[in-house]
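Enquirer: Pasting upload.pdb here (PDB, C-alpha atoms):
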```
ATOM      1  CA  VAL A 300      72.954 -14.026 -41.065  1.00  0.00           C
ATOM      2  CA  GLN A 301      76.417 -15.340 -40.278  1.00  0.00           C
ATOM      3  CA  LEU A 302      79.186 -16.648 -42.479  1.00  0.00           C
ATOM      4  CA  GLN A 303      81.931 -18.310 -40.490  1.00  0.00           C
ATOM      5  CA  ALA A 304      85.133 -18.893 -42.448  1.00  0.00           C
ATOM      6  CA  SER A 305      87.953 -21.119 -41.307  1.00  0.00           C
ATOM      7  CA  GLY A 306      90.908 -23.100 -42.592  1.00  0.00           C
ATOM      8  CA  GLY A 307      93.479 -20.426 -43.254  1.00  0.00           C
ATOM      9  CA  GLY A 308      97.062 -20.749 -42.137  1.00  0.00           C
ATOM     10  CA  SER A 309     100.722 -20.379 -42.985  1.00  0.00           C
ATOM     11  CA  VAL A 310     102.117 -22.842 -45.494  1.00  0.00           C
ATOM     12  CA  GLN A 311     104.997 -23.305 -47.912  1.00  0.00           C
ATOM     13  CA  ALA A 312     104.704 -22.874 -51.654  1.00  0.00           C
ATOM     14  CA  GLY A 313     103.311 -26.039 -53.191  1.00  0.00           C
ATOM     15  CA  ASP A 314     101.269 -26.962 -50.135  1.00  0.00           C
ATOM     16  CA  SER A 315      97.500 -27.246 -49.914  1.00  0.00           C
ATOM     17  CA  LEU A 316      94.804 -25.763 -47.723  1.00  0.00           C
ATOM     18  CA  ARG A 317      91.034 -26.171 -47.595  1.00  0.00           C
ATOM     19  CA  LEU A 318      88.938 -23.223 -46.575  1.00  0.00           C
ATOM     20  CA  SER A 319      85.451 -23.742 -45.198  1.00  0.00           C
ATOM     21  CA  CYS A 320      82.616 -21.303 -44.728  1.00  0.00           C
ATOM     22  CA  THR A 321      79.505 -22.282 -42.820  1.00  0.00           C
ATOM     23  CA  VAL A 322      76.448 -20.150 -43.378  1.00  0.00           C
ATOM     24  CA  SER A 323      73.531 -19.663 -41.016  1.00  0.00           C
ATOM     25  CA  GLY A 324      70.463 -17.457 -40.906  1.00  0.00           C
ATOM     26  CA  LEU A 325      69.387 -17.826 -44.510  1.00  0.00           C
ATOM     27  CA  THR A 326      68.149 -20.515 -46.872  1.00  0.00           C
ATOM     28  CA  PHE A 327      71.481 -21.726 -48.168  1.00  0.00           C
ATOM     29  CA  THR A 328      70.106 -23.219 -51.362  1.00  0.00           C
ATOM     30  CA  ASP A 329      68.694 -19.817 -52.370  1.00  0.00           C
ATOM     31  CA  TYR A 330      72.190 -18.402 -52.660  1.00  0.00           C
ATOM     32  CA  GLY A 331      75.235 -18.755 -54.782  1.00  0.00           C
ATOM     33  CA  VAL A 332      78.361 -18.691 -52.655  1.00  0.00           C
ATOM     34  CA  GLY A 333      81.908 -17.754 -53.336  1.00  0.00           C
ATOM     35  CA  TRP A 334      85.277 -16.554 -52.204  1.00  0.00           C
ATOM     36  CA  PHE A 335      87.083 -13.256 -52.563  1.00  0.00           C
ATOM     37  CA  ARG A 336      90.550 -12.372 -51.378  1.00  0.00           C
ATOM     38  CA  GLN A 337      92.406  -9.235 -50.451  1.00  0.00           C
ATOM     39  CA  ALA A 338      96.168  -9.025 -50.382  1.00  0.00           C
ATOM     40  CA  PRO A 339      97.956  -6.210 -48.518  1.00  0.00           C
ATOM     41  CA  GLY A 340      97.710  -2.996 -50.494  1.00  0.00           C
ATOM     42  CA  ASN A 341      95.329  -4.511 -53.037  1.00  0.00           C
ATOM     43  CA  GLU A 342      91.621  -4.314 -53.598  1.00  0.00           C
ATOM     44  CA  ARG A 343      89.403  -7.254 -52.789  1.00  0.00           C
ATOM     45  CA  GLU A 344      89.101  -9.555 -55.789  1.00  0.00           C
ATOM     46  CA  PHE A 345      86.798 -12.370 -56.771  1.00  0.00           C
ATOM     47  CA  VAL A 346      88.475 -15.785 -56.631  1.00  0.00           C
ATOM     48  CA  ALA A 347      85.824 -18.458 -57.160  1.00  0.00           C
ATOM     49  CA  GLY A 348      82.079 -18.895 -57.081  1.00  0.00           C
ATOM     50  CA  ILE A 349      79.511 -21.651 -57.262  1.00  0.00           C
ATOM     51  CA  ASN A 350      75.868 -21.197 -58.165  1.00  0.00           C
ATOM     52  CA  ARG A 351      72.819 -22.362 -56.244  1.00  0.00           C
ATOM     53  CA  SER A 352      72.603 -25.719 -57.967  1.00  0.00           C
ATOM     54  CA  GLY A 353      76.309 -26.389 -57.712  1.00  0.00           C
ATOM     55  CA  ALA A 354      76.488 -27.023 -61.432  1.00  0.00           C
ATOM     56  CA  GLY A 355      78.112 -23.698 -62.267  1.00  0.00           C
ATOM     57  CA  LYS A 356      81.609 -22.985 -60.974  1.00  0.00           C
ATOM     58  CA  TYR A 357      83.657 -19.931 -61.801  1.00  0.00           C
ATOM     59  CA  TYR A 358      87.321 -19.109 -61.221  1.00  0.00           C
ATOM     60  CA  ILE A 359      89.747 -16.354 -61.983  1.00  0.00           C
ATOM     61  CA  ASP A 360      92.507 -17.404 -64.333  1.00  0.00           C
ATOM     62  CA  PRO A 361      95.373 -17.405 -61.781  1.00  0.00           C
ATOM     63  CA  VAL A 362      93.696 -20.131 -59.733  1.00  0.00           C
ATOM     64  CA  LYS A 363      92.224 -22.307 -62.464  1.00  0.00           C
ATOM     65  CA  GLY A 364      93.532 -25.845 -62.198  1.00  0.00           C
ATOM     66  CA  ARG A 365      94.727 -25.279 -58.623  1.00  0.00           C
ATOM     67  CA  PHE A 366      91.610 -24.251 -56.687  1.00  0.00           C
ATOM     68  CA  THR A 367      88.316 -26.102 -56.511  1.00  0.00           C
ATOM     69  CA  ILE A 368      85.120 -24.697 -55.057  1.00  0.00           C
ATOM     70  CA  SER A 369      82.344 -26.952 -53.800  1.00  0.00           C
ATOM     71  CA  ARG A 370      79.292 -26.779 -51.598  1.00  0.00           C
ATOM     72  CA  ASP A 371      77.567 -29.143 -49.197  1.00  0.00           C
ATOM     73  CA  ASP A 372      73.965 -28.037 -48.900  1.00  0.00           C
ATOM     74  CA  ALA A 373      73.296 -30.477 -46.061  1.00  0.00           C
ATOM     75  CA  LYS A 374      75.925 -28.656 -44.007  1.00  0.00           C
ATOM     76  CA  ASN A 375      75.284 -25.127 -45.333  1.00  0.00           C
ATOM     77  CA  THR A 376      78.964 -24.989 -46.119  1.00  0.00           C
ATOM     78  CA  VAL A 377      81.092 -23.890 -49.041  1.00  0.00           C
ATOM     79  CA  TYR A 378      84.657 -25.094 -49.469  1.00  0.00           C
ATOM     80  CA  LEU A 379      87.683 -23.857 -51.342  1.00  0.00           C
ATOM     81  CA  GLN A 380      90.314 -26.515 -51.896  1.00  0.00           C
ATOM     82  CA  MET A 381      93.568 -24.773 -52.712  1.00  0.00           C
ATOM     83  CA  ASN A 382      96.406 -26.867 -54.112  1.00  0.00           C
ATOM     84  CA  ASN A 383      99.889 -25.937 -55.261  1.00  0.00           C
ATOM     85  CA  LEU A 384      99.711 -22.677 -53.362  1.00  0.00           C
ATOM     86  CA  LYS A 385     101.941 -19.838 -54.468  1.00  0.00           C
ATOM     87  CA  PRO A 386     103.233 -16.796 -52.571  1.00  0.00           C
ATOM     88  CA  GLU A 387     100.936 -14.602 -54.670  1.00  0.00           C
ATOM     89  CA  ASP A 388      97.965 -16.422 -53.140  1.00  0.00           C
ATOM     90  CA  THR A 389      98.775 -14.773 -49.822  1.00  0.00           C
ATOM     91  CA  ALA A 390      95.715 -12.803 -48.752  1.00  0.00           C
ATOM     92  CA  VAL A 391      92.762 -12.657 -46.434  1.00  0.00           C
ATOM     93  CA  TYR A 392      90.061 -14.838 -47.950  1.00  0.00           C
ATOM     94  CA  TYR A 393      86.410 -13.890 -47.526  1.00  0.00           C
ATOM     95  CA  CYS A 394      83.361 -15.990 -48.237  1.00  0.00           C
ATOM     96  CA  THR A 395      80.236 -14.391 -49.578  1.00  0.00           C
ATOM     97  CA  ALA A 396      76.607 -15.315 -50.243  1.00  0.00           C
ATOM     98  CA  SER A 397      74.985 -14.045 -53.413  1.00  0.00           C
ATOM     99  CA  PRO A 398      71.227 -13.985 -54.133  1.00  0.00           C
ATOM    100  CA  SER A 399      71.852 -13.236 -57.809  1.00  0.00           C
ATOM    101  CA  ALA A 400      74.759 -12.868 -60.174  1.00  0.00           C
ATOM    102  CA  GLY A 401      77.087 -10.069 -59.195  1.00  0.00           C
ATOM    103  CA  VAL A 402      75.253  -9.232 -55.978  1.00  0.00           C
ATOM    104  CA  TYR A 403      77.211 -10.097 -52.850  1.00  0.00           C
ATOM    105  CA  GLU A 404      74.828  -9.605 -49.997  1.00  0.00           C
ATOM    106  CA  TYR A 405      76.564 -11.214 -47.053  1.00  0.00           C
ATOM    107  CA  TRP A 406      80.213 -11.570 -46.074  1.00  0.00           C
ATOM    108  CA  GLY A 407      82.228 -13.639 -43.660  1.00  0.00           C
ATOM    109  CA  GLN A 408      84.937 -12.269 -41.416  1.00  0.00           C
ATOM    110  CA  GLY A 409      87.906 -13.471 -43.456  1.00  0.00           C
ATOM    111  CA  THR A 410      90.600 -16.058 -42.904  1.00  0.00           C
ATOM    112  CA  LEU A 411      94.276 -15.364 -43.524  1.00  0.00           C
ATOM    113  CA  VAL A 412      96.297 -17.489 -45.918  1.00  0.00           C
ATOM    114  CA  THR A 413     100.058 -16.923 -45.950  1.00  0.00           C
ATOM    115  CA  VAL A 414     102.218 -18.748 -48.465  1.00  0.00           C
ATOM    116  CA  SER A 415     105.973 -18.506 -48.155  1.00  0.00           C
ATOM    117  CA  SER A 416     108.495 -19.434 -50.819  1.00  0.00           C
TER
END
```
For this file, produce the structure as structure tokens.

Expert:
Amino acid sequence: VQLQASGGGSVQAGDSLRLSCTVSGLTFTDYGVGWFRQAPGNEREFVAGINRSGAGKYYIDPVKGRFTISRDDAKNTVYLQMNNLKPEDTAVYYCTASPSAGVYEYWGQGTLVTVSS
């Protein structure tokens, strides 16, 4: 199983980025998918998730209204559209595949997002 994340970069506050994570080696539609992030000196935290059907989307409060998670089952890919980025969004972002709620079975390698003020 491989999760290949991409789309990170260095941007200014207020800018946008779209992260992508392409999954291979499993039946994509059997898994919820999501994003975590880890800032320097902090623990990894959940950011957003989307369930297998795509109907359920979940966000932490700091990103609600700014981030949007989506999935394209034809491409085995999950996206995280991040708008109005803030310096506190700076972190390595990891995608994950989840066979059931709260179980994160597979992880991508991480993509770095740096937001400067």

Enquirer: Could you check the closest approach to Gly353 (chain A) for each of A:Ser369, A:Thr326, A:Gln303, A:Thr395 and tell me which residue wins, using all atoms listed in the file?

Expert: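 Residue with the minimum atom-to-atom distance to Gly353 (chain A): A:Ser369.
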
Enquirer: Within 10 Å of Tyr403 (chain A), counting only C-alpha atoms, which residues show up once you throw out same-chain ones fewer than 4 positions away? Write them as a list of chain:residue names, please.

Expert: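 Contacts, with the query itself left out: A:Tyr330, A:Gly331, A:Val332, A:Gly333, A:Cys394, A:Thr395, A:Ala396, A:Ser397, A:Pro398, A:Ser399.
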
Enquirer: Need the neighbours of (102.3, -20.1, -45.9): which residues are at most 10 Å away, counting all atoms listed in the file, as a list in words?

Expert: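 The residues near that point, listed by chain and number, are Gly307, Gly308, Ser309, Val310, Gln311, Ala312, Gly313, Asp314, Ser315, Leu316, Leu384, Lys385, Pro386, Asp388, Thr389, Leu411, Val412, Thr413, Val414, Ser415 and Ser416 of chain A.
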
Enquirer: Using all atoms listed in the file, which of the listed residues (A:Thr410, A:Tyr392, A:Tyr357, A:Val402) sits closest to Glu344 (chain A)?

Expert: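 Answer, going by the shortest atom-to-atom distance: A:Tyr392.
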
Enquirer: As an exercise, work out the distance from CA of Val377 (chain A) to CA of Gly340 (chain A) in Å and give it to one decimal place.

Expert: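 Computing the Euclidean distance for CA of Val377 (chain A) and CA of Gly340 (chain A) yields 26.7 Å.
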
Enquirer: Can you work out which one of A:Ala373, A:Ile368, A:Ala354, A:Val362 has the shortest atom-to-atom distance to Phe327 (chain A), counting all atoms listed in the file?

Expert: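 For Phe327 (chain A), the nearest of the candidates is A:Ala373.
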
Enquirer: On this structure, the PyMOL selection byres ((chain A and resi 341) around 12) would catch which residues? List them as a list in words, sorted by chain and number.

Expert: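 That selection, the PyMOL selection byres ((chain A and resi 341) around 12), comes back as Arg336, Gln337, Ala338, Pro339, Gly340, Glu342, Arg343, Glu344, Glu387, Thr389, Ala390 and Val391 of chain A.
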
Enquirer: Could you write out that same residue set with C-alpha atoms as a tab-separated table (two decimals), keeping the file's coordinate frame?

Expert:
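What ended up in out-v6.tsv:
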```tsv
chain	number	residue	atom	x	y	z
A	336	ARG	CA	90.55	-12.37	-51.38
A	337	GLN	CA	92.41	-9.24	-50.45
A	338	ALA	CA	96.17	-9.02	-50.38
A	339	PRO	CA	97.96	-6.21	-48.52
A	340	GLY	CA	97.71	-3.00	-50.49
A	342	GLU	CA	91.62	-4.31	-53.60
A	343	ARG	CA	89.40	-7.25	-52.79
A	344	GLU	CA	89.10	-9.56	-55.79
A	387	GLU	CA	100.94	-14.60	-54.67
A	389	THR	CA	98.78	-14.77	-49.82
A	390	ALA	CA	95.72	-12.80	-48.75
A	391	VAL	CA	92.76	-12.66	-46.43
```

Enquirer: Counting all atoms listed in the file, which of A:Val346, A:Leu325, A:Cys320, A:Ala400 gets nearest to Arg370 (chain A)?

Expert: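 Of A:Val346, A:Leu325, A:Cys320, A:Ala400, the one nearest Arg370 (chain A), counting all atoms listed in the file, is A:Cys320.
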
Enquirer: Could you work out an axis-aligned bounding box for all listed atoms of region 376-394 of chain A, with 4 Å added on each of the six sides, and give its centre and edge lengths in Å to one decimal, as lines of an AutoDock Vina configuration file?

Expert:
```
center_x = 91.1
center_y = -19.8
center_z = -50.7
size_x = 32.3
size_y = 22.2
size_z = 17.1
```

Enquirer: Which of these residues is nearest to Lys356 (chain A), using all atoms listed in the file: A:Asp372, A:Trp334, A:Ser305, A:Trp406?

Expert: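 Between A:Asp372, A:Trp334, A:Ser305, A:Trp406, the residue approaching Lys356 (chain A) most closely is A:Trp334.
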
Enquirer: To one decimal place in Å, what is the distance between CA of Thr321 (chain A) and CA of Gly348 (chain A)?

Expert: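 It comes out at 14.9 Å.
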
Enquirer: Tell me which of A:Tyr378, A:Tyr393, A:Tyr358, A:Phe366 sits closest to Leu318 (chain A), counting all atoms listed in the file.

Expert: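 Comparing A:Tyr378, A:Tyr393, A:Tyr358, A:Phe366 against Leu318 (chain A), the winner is A:Tyr378.
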
Enquirer: To one decimal place, how far is CA of Thr367 (chain A) from CA of Tyr405 (chain A) in Å?

Expert: 21.2 Å

Enquirer: Fix up region 338-373 of chain A with N, CA and C atoms, then write it as a PDB file, in the frame of the given file.

Expert:
```pdb
ATOM      1  N   ALA A 338      94.765  -9.045 -50.781  1.00  0.00           N
ATOM      2  CA  ALA A 338      96.168  -9.025 -50.382  1.00  0.00           C
ATOM      3  C   ALA A 338      96.517  -7.628 -49.867  1.00  0.00           C
ATOM      4  N   PRO A 339      97.564  -7.522 -49.052  1.00  0.00           N
ATOM      5  CA  PRO A 339      97.956  -6.210 -48.518  1.00  0.00           C
ATOM      6  C   PRO A 339      98.187  -5.208 -49.636  1.00  0.00           C
ATOM      7  N   GLY A 340      97.546  -4.053 -49.516  1.00  0.00           N
ATOM      8  CA  GLY A 340      97.710  -2.996 -50.494  1.00  0.00           C
ATOM      9  C   GLY A 340      96.895  -3.154 -51.753  1.00  0.00           C
ATOM     10  N   ASN A 341      96.137  -4.243 -51.841  1.00  0.00           N
ATOM     11  CA  ASN A 341      95.329  -4.511 -53.037  1.00  0.00           C
ATOM     12  C   ASN A 341      93.848  -4.418 -52.717  1.00  0.00           C
ATOM     13  N   GLU A 342      93.061  -4.276 -53.772  1.00  0.00           N
ATOM     14  CA  GLU A 342      91.621  -4.314 -53.598  1.00  0.00           C
ATOM     15  C   GLU A 342      91.155  -5.770 -53.475  1.00  0.00           C
ATOM     16  N   ARG A 343      89.987  -5.922 -52.892  1.00  0.00           N
ATOM     17  CA  ARG A 343      89.403  -7.254 -52.789  1.00  0.00           C
ATOM     18  C   ARG A 343      89.044  -7.746 -54.187  1.00  0.00           C
ATOM     19  N   GLU A 344      89.385  -9.007 -54.478  1.00  0.00           N
ATOM     20  CA  GLU A 344      89.101  -9.555 -55.789  1.00  0.00           C
ATOM     21  C   GLU A 344      88.352 -10.878 -55.685  1.00  0.00           C
ATOM     22  N   PHE A 345      87.504 -11.096 -56.664  1.00  0.00           N
ATOM     23  CA  PHE A 345      86.798 -12.370 -56.771  1.00  0.00           C
ATOM     24  C   PHE A 345      87.803 -13.476 -57.053  1.00  0.00           C
ATOM     25  N   VAL A 346      87.605 -14.635 -56.408  1.00  0.00           N
ATOM     26  CA  VAL A 346      88.475 -15.785 -56.631  1.00  0.00           C
ATOM     27  C   VAL A 346      87.698 -16.937 -57.281  1.00  0.00           C
ATOM     28  N   ALA A 347      86.590 -17.311 -56.668  1.00  0.00           N
ATOM     29  CA  ALA A 347      85.824 -18.458 -57.160  1.00  0.00           C
ATOM     30  C   ALA A 347      84.388 -18.348 -56.677  1.00  0.00           C
ATOM     31  N   GLY A 348      83.479 -18.894 -57.462  1.00  0.00           N
ATOM     32  CA  GLY A 348      82.079 -18.895 -57.081  1.00  0.00           C
ATOM     33  C   GLY A 348      81.395 -20.150 -57.560  1.00  0.00           C
ATOM     34  N   ILE A 349      80.302 -20.495 -56.882  1.00  0.00           N
ATOM     35  CA  ILE A 349      79.511 -21.651 -57.262  1.00  0.00           C
ATOM     36  C   ILE A 349      78.050 -21.261 -57.163  1.00  0.00           C
ATOM     37  N   ASN A 350      77.257 -21.652 -58.158  1.00  0.00           N
ATOM     38  CA  ASN A 350      75.868 -21.197 -58.165  1.00  0.00           C
ATOM     39  C   ASN A 350      74.999 -22.050 -57.248  1.00  0.00           C
ATOM     40  N   ARG A 351      73.712 -21.721 -57.214  1.00  0.00           N
ATOM     41  CA  ARG A 351      72.819 -22.362 -56.244  1.00  0.00           C
ATOM     42  C   ARG A 351      72.715 -23.861 -56.458  1.00  0.00           C
ATOM     43  N   SER A 352      72.739 -24.293 -57.695  1.00  0.00           N
ATOM     44  CA  SER A 352      72.603 -25.719 -57.967  1.00  0.00           C
ATOM     45  C   SER A 352      73.900 -26.483 -57.778  1.00  0.00           C
ATOM     46  N   GLY A 353      75.007 -25.744 -57.792  1.00  0.00           N
ATOM     47  CA  GLY A 353      76.309 -26.389 -57.712  1.00  0.00           C
ATOM     48  C   GLY A 353      76.863 -26.780 -59.069  1.00  0.00           C
ATOM     49  N   ALA A 354      76.056 -26.604 -60.104  1.00  0.00           N
ATOM     50  CA  ALA A 354      76.488 -27.023 -61.432  1.00  0.00           C
ATOM     51  C   ALA A 354      77.420 -25.991 -62.075  1.00  0.00           C
ATOM     52  N   GLY A 355      77.283 -24.743 -61.688  1.00  0.00           N
ATOM     53  CA  GLY A 355      78.112 -23.698 -62.267  1.00  0.00           C
ATOM     54  C   GLY A 355      79.222 -23.286 -61.315  1.00  0.00           C
ATOM     55  N   LYS A 356      80.449 -23.368 -61.778  1.00  0.00           N
ATOM     56  CA  LYS A 356      81.609 -22.985 -60.974  1.00  0.00           C
ATOM     57  C   LYS A 356      82.446 -22.004 -61.788  1.00  0.00           C
ATOM     58  N   TYR A 357      82.962 -21.008 -61.120  1.00  0.00           N
ATOM     59  CA  TYR A 357      83.657 -19.931 -61.801  1.00  0.00           C
ATOM     60  C   TYR A 357      84.940 -19.615 -61.046  1.00  0.00           C
ATOM     61  N   TYR A 358      86.006 -19.360 -61.813  1.00  0.00           N
ATOM     62  CA  TYR A 358      87.321 -19.109 -61.221  1.00  0.00           C
ATOM     63  C   TYR A 358      88.016 -17.985 -61.973  1.00  0.00           C
ATOM     64  N   ILE A 359      88.862 -17.265 -61.280  1.00  0.00           N
ATOM     65  CA  ILE A 359      89.747 -16.354 -61.983  1.00  0.00           C
ATOM     66  C   ILE A 359      90.891 -17.181 -62.568  1.00  0.00           C
ATOM     67  N   ASP A 360      91.482 -16.639 -63.618  1.00  0.00           N
ATOM     68  CA  ASP A 360      92.507 -17.404 -64.333  1.00  0.00           C
ATOM     69  C   ASP A 360      93.687 -17.842 -63.464  1.00  0.00           C
ATOM     70  N   PRO A 361      94.189 -17.000 -62.555  1.00  0.00           N
ATOM     71  CA  PRO A 361      95.373 -17.405 -61.781  1.00  0.00           C
ATOM     72  C   PRO A 361      95.169 -18.628 -60.902  1.00  0.00           C
ATOM     73  N   VAL A 362      93.925 -18.996 -60.623  1.00  0.00           N
ATOM     74  CA  VAL A 362      93.696 -20.131 -59.733  1.00  0.00           C
ATOM     75  C   VAL A 362      93.107 -21.335 -60.460  1.00  0.00           C
ATOM     76  N   LYS A 363      92.782 -21.183 -61.717  1.00  0.00           N
ATOM     77  CA  LYS A 363      92.224 -22.307 -62.464  1.00  0.00           C
ATOM     78  C   LYS A 363      93.199 -23.473 -62.479  1.00  0.00           C
ATOM     79  N   GLY A 364      92.689 -24.660 -62.239  1.00  0.00           N
ATOM     80  CA  GLY A 364      93.532 -25.845 -62.198  1.00  0.00           C
ATOM     81  C   GLY A 364      94.188 -26.090 -60.854  1.00  0.00           C
ATOM     82  N   ARG A 365      94.144 -25.119 -59.957  1.00  0.00           N
ATOM     83  CA  ARG A 365      94.727 -25.279 -58.623  1.00  0.00           C
ATOM     84  C   ARG A 365      93.679 -25.226 -57.516  1.00  0.00           C
ATOM     85  N   PHE A 366      92.666 -24.418 -57.688  1.00  0.00           N
ATOM     86  CA  PHE A 366      91.610 -24.251 -56.687  1.00  0.00           C
ATOM     87  C   PHE A 366      90.335 -24.934 -57.162  1.00  0.00           C
ATOM     88  N   THR A 367      89.599 -25.494 -56.210  1.00  0.00           N
ATOM     89  CA  THR A 367      88.316 -26.102 -56.511  1.00  0.00           C
ATOM     90  C   THR A 367      87.293 -25.650 -55.473  1.00  0.00           C
ATOM     91  N   ILE A 368      86.188 -25.107 -55.954  1.00  0.00           N
ATOM     92  CA  ILE A 368      85.120 -24.697 -55.057  1.00  0.00           C
ATOM     93  C   ILE A 368      84.035 -25.766 -55.063  1.00  0.00           C
ATOM     94  N   SER A 369      83.432 -25.988 -53.903  1.00  0.00           N
ATOM     95  CA  SER A 369      82.344 -26.952 -53.800  1.00  0.00           C
ATOM     96  C   SER A 369      81.413 -26.511 -52.677  1.00  0.00           C
ATOM     97  N   ARG A 370      80.241 -27.109 -52.652  1.00  0.00           N
ATOM     98  CA  ARG A 370      79.292 -26.779 -51.598  1.00  0.00           C
ATOM     99  C   ARG A 370      78.626 -28.046 -51.101  1.00  0.00           C
ATOM    100  N   ASP A 371      78.304 -28.048 -49.815  1.00  0.00           N
ATOM    101  CA  ASP A 371      77.567 -29.143 -49.197  1.00  0.00           C
ATOM    102  C   ASP A 371      76.299 -28.527 -48.617  1.00  0.00           C
ATOM    103  N   ASP A 372      75.209 -28.676 -49.322  1.00  0.00           N
ATOM    104  CA  ASP A 372      73.965 -28.037 -48.900  1.00  0.00           C
ATOM    105  C   ASP A 372      73.420 -28.623 -47.597  1.00  0.00           C
ATOM    106  N   ALA A 373      73.747 -29.872 -47.318  1.00  0.00           N
ATOM    107  CA  ALA A 373      73.296 -30.477 -46.061  1.00  0.00           C
ATOM    108  C   ALA A 373      73.978 -29.843 -44.857  1.00  0.00           C
TER     109      ALA A 373
END
```
